[in-house]
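Down below is the structure, laid out as structure tokens.
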Amino acid sequence: MRPDLVPPALILSLVLFALGALGVFLRRNVITVFMCVELMLNAVNLAFIAFSRSLGTLDGQVLVFFVLTVAAAEAAVGLAIIIALQRGQDTLDLDAFNLLKW
Amino acid sequence: MTAILFYVFAALAVGSAVVVVGQRNPIYSAFGLIVTLCALSAIFGLLGSPFIAVLQVVVYAGAIMVLFLFVLMLLGVKPEDRPSGGTLKAVAVALVAALGLQMGAVLVGAARPPLASFDASTRAVAHVLFSAPYLYVFEATSILILAALVGSIVLARREP
């Protein structure tokens with residue numbers, strides 16, 4: 001009898017998502033905040049995988065695949081925006097970016 | 001054995017996620033995130049999803065984190081010089097606790113006992129990915145990647 005790992009995996013997903021959300025609120029560095037968003041994305045991926053295991057369908061796996069692709073695109077564009085922001089302001093502090101321009 | 005491995009990797013993931021959130025130096029955060037991603041990959045494997053586990057290491061821990069570290073080094077690393085205020089901290093902890101309770105109630109109520117047979121091999125996932133509804137999404141994804149490629153080049157380009 002294999003142990004049922006789905007409920008602990010869901011709890012782990014919850015903890016990681018909460019930690020990521022806390023980081024988004026508390027950190028001041030743009031790149032750290034961005035990394036906390038990636039952490040939240042991964043927590044959601046874990047929930048997808050756990051539910052896929054629990055329901056016996058593969059749709060969760062395919063959705064994780066799409067989340068991975070979108071996360072890669074998002075990281076590329078986001079980091080390009082951060083480079084452009086840093087060029088204009090010479091800082092990575094979130095509070096410095098309070099205008100919709102650079 | 002599976003359960004022991006699961007809890008070891010879960011503890012590793014949570015510990016390094018705390019490093020990601022708690023560190024002022026973004027380089028330490030990045031390395032913590034790499035450890036979290038690798039531990040999560042092991043957990044995906046233990047949950048019977050080898051394809052996603054490998055993809056996690058290749059795409060996340062490989063490509064995305066290298067991009068993050070590259071940009072961190074390019075822009076110069078400075079630890080945050082001022083801490084977040086006490087009020088902000090209290091509000092953030094309260095909000096996240098409320099969110100966590102809400103999500104916990106939903107998630108724990110939704111879990112069902114897993115089925116005995118579960119095949120998430122690369123072949124099985126590919127059959128779902130390359131058939132009717134998801135095939136169109138897959139093709140749309142390639143346009144998204146192209147747009148992201150062009151967009152990031154335009155955004156990061158130095159003004160002529």
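So you can find residues: chains in the structure tokens are A, B, ... in the order shown, residues in each start at 1, and ligands are numbered from 1 in order.
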
Using only C-alpha atoms, which residues of stretch 18-123 of chain B come within 12 Å of stretch 11-29 of chain A, and what is the closest atom pair for each, with the distance in Å to one decimal? Give it as CSV, sorted by chain and residue number.
residue,atom,partner,partner_atom,distance
B:Val18,CA,A:Leu19,CA,7.0
B:Val19,CA,A:Leu19,CA,10.1
B:Val20,CA,A:Gly23,CA,7.9
B:Val21,CA,A:Gly23,CA,4.8
B:Gly22,CA,A:Gly23,CA,7.7
B:Gln23,CA,A:Arg27,CA,8.9
B:Arg24,CA,A:Arg27,CA,7.8
B:Asn25,CA,A:Asn29,CA,9.0
B:Pro26,CA,A:Asn29,CA,7.5
B:Ile27,CA,A:Asn29,CA,11.2
B:Ser29,CA,A:Gly23,CA,10.5
B:Leu33,CA,A:Gly20,CA,10.6
B:Thr36,CA,A:Leu16,CA,9.4
B:Leu37,CA,A:Leu16,CA,11.1
B:Ala39,CA,A:Leu12,CA,11.6
B:Leu40,CA,A:Ser13,CA,9.7
B:Ile43,CA,A:Leu12,CA,10.2
B:Phe44,CA,A:Ser13,CA,11.6
B:Leu72,CA,A:Asn29,CA,10.8
B:Val77,CA,A:Asn29,CA,10.2
B:Lys78,CA,A:Asn29,CA,9.1
B:Pro79,CA,A:Asn29,CA,8.3
B:Glu80,CA,A:Asn29,CA,6.6
B:Asp81,CA,A:Arg28,CA,9.2
B:Arg82,CA,A:Arg28,CA,8.5
B:Pro83,CA,A:Arg28,CA,8.2
B:Ser84,CA,A:Leu26,CA,6.1
B:Gly85,CA,A:Leu26,CA,8.8
B:Gly86,CA,A:Leu26,CA,10.2
B:Thr87,CA,A:Leu26,CA,10.9
B:Leu88,CA,A:Leu26,CA,7.5
B:Lys89,CA,A:Leu26,CA,6.6
B:Ala90,CA,A:Leu26,CA,10.0
B:Val91,CA,A:Phe25,CA,9.1
B:Ala92,CA,A:Phe25,CA,6.0
B:Val93,CA,A:Leu22,CA,6.8
B:Ala94,CA,A:Leu22,CA,9.8
B:Leu95,CA,A:Leu22,CA,8.7
B:Val96,CA,A:Ala18,CA,5.9
B:Ala97,CA,A:Ala18,CA,7.7
B:Ala98,CA,A:Ala18,CA,9.8
B:Leu99,CA,A:Ala18,CA,7.5
B:Gly100,CA,A:Ala18,CA,6.1
B:Leu101,CA,A:Leu14,CA,9.2
B:Gln102,CA,A:Leu14,CA,10.0
B:Met103,CA,A:Leu14,CA,6.9
B:Gly104,CA,A:Leu14,CA,6.7
B:Ala105,CA,A:Ile11,CA,10.3
B:Val106,CA,A:Leu14,CA,10.4
B:Leu107,CA,A:Ile11,CA,7.9
B:Val108,CA,A:Ile11,CA,7.8
B:Gly109,CA,A:Ile11,CA,11.5
B:Ala110,CA,A:Ile11,CA,11.8
B:Ala111,CA,A:Ile11,CA,10.6

Please check the contacts: residues of chain A at most 8 Å away from chain B, using only C-alpha atoms, listed as a PyMOL selection string.
chain A and resi 3-7+10-12+14-16+18-23+25-29+31-32+35-36+39+42+46+49-51+53-56+58-59+61-62+64-66+68-70+72-81+83-84+86+93

Quick check, in Å to one decimal: how far apart do atom CA of A:Val37 and atom CA of B:Ala42 lie?
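Separation between atom CA of A:Val37 and atom CA of B:Ala42: 20.7 Å.
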
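Omitting A:Val30 and its sequence neighbours fewer than 2 positions away, and counting only C-alpha atoms, the residues within 6 Å are Thr32, Val33, Leu92 and Leu94 of chain A.
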
Write the residues of the preceding selection, restricted to N, CA and C atoms, as a PDB file, in the first residue's frame.
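The result, written out as selection_25.pdb:
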ATOM      1  N   THR A  32      14.069  40.374  -6.113  1.00  0.00           N
ATOM      2  CA  THR A  32      13.641  39.435  -5.067  1.00  0.00           C
ATOM      3  C   THR A  32      12.129  39.256  -5.103  1.00  0.00           C
ATOM      4  N   VAL A  33      11.409  40.361  -5.310  1.00  0.00           N
ATOM      5  CA  VAL A  33       9.948  40.259  -5.404  1.00  0.00           C
ATOM      6  C   VAL A  33       9.560  39.364  -6.582  1.00  0.00           C
ATOM      7  N   LEU A  92      17.265  49.523  -7.618  1.00  0.00           N
ATOM      8  CA  LEU A  92      16.346  48.387  -7.773  1.00  0.00           C
ATOM      9  C   LEU A  92      15.268  48.439  -6.703  1.00  0.00           C
ATOM     10  N   LEU A  94      11.859  49.083  -4.987  1.00  0.00           N
ATOM     11  CA  LEU A  94      10.504  49.153  -5.550  1.00  0.00           C
ATOM     12  C   LEU A  94       9.866  50.522  -5.359  1.00  0.00           C
TER      13      LEU A  94
END
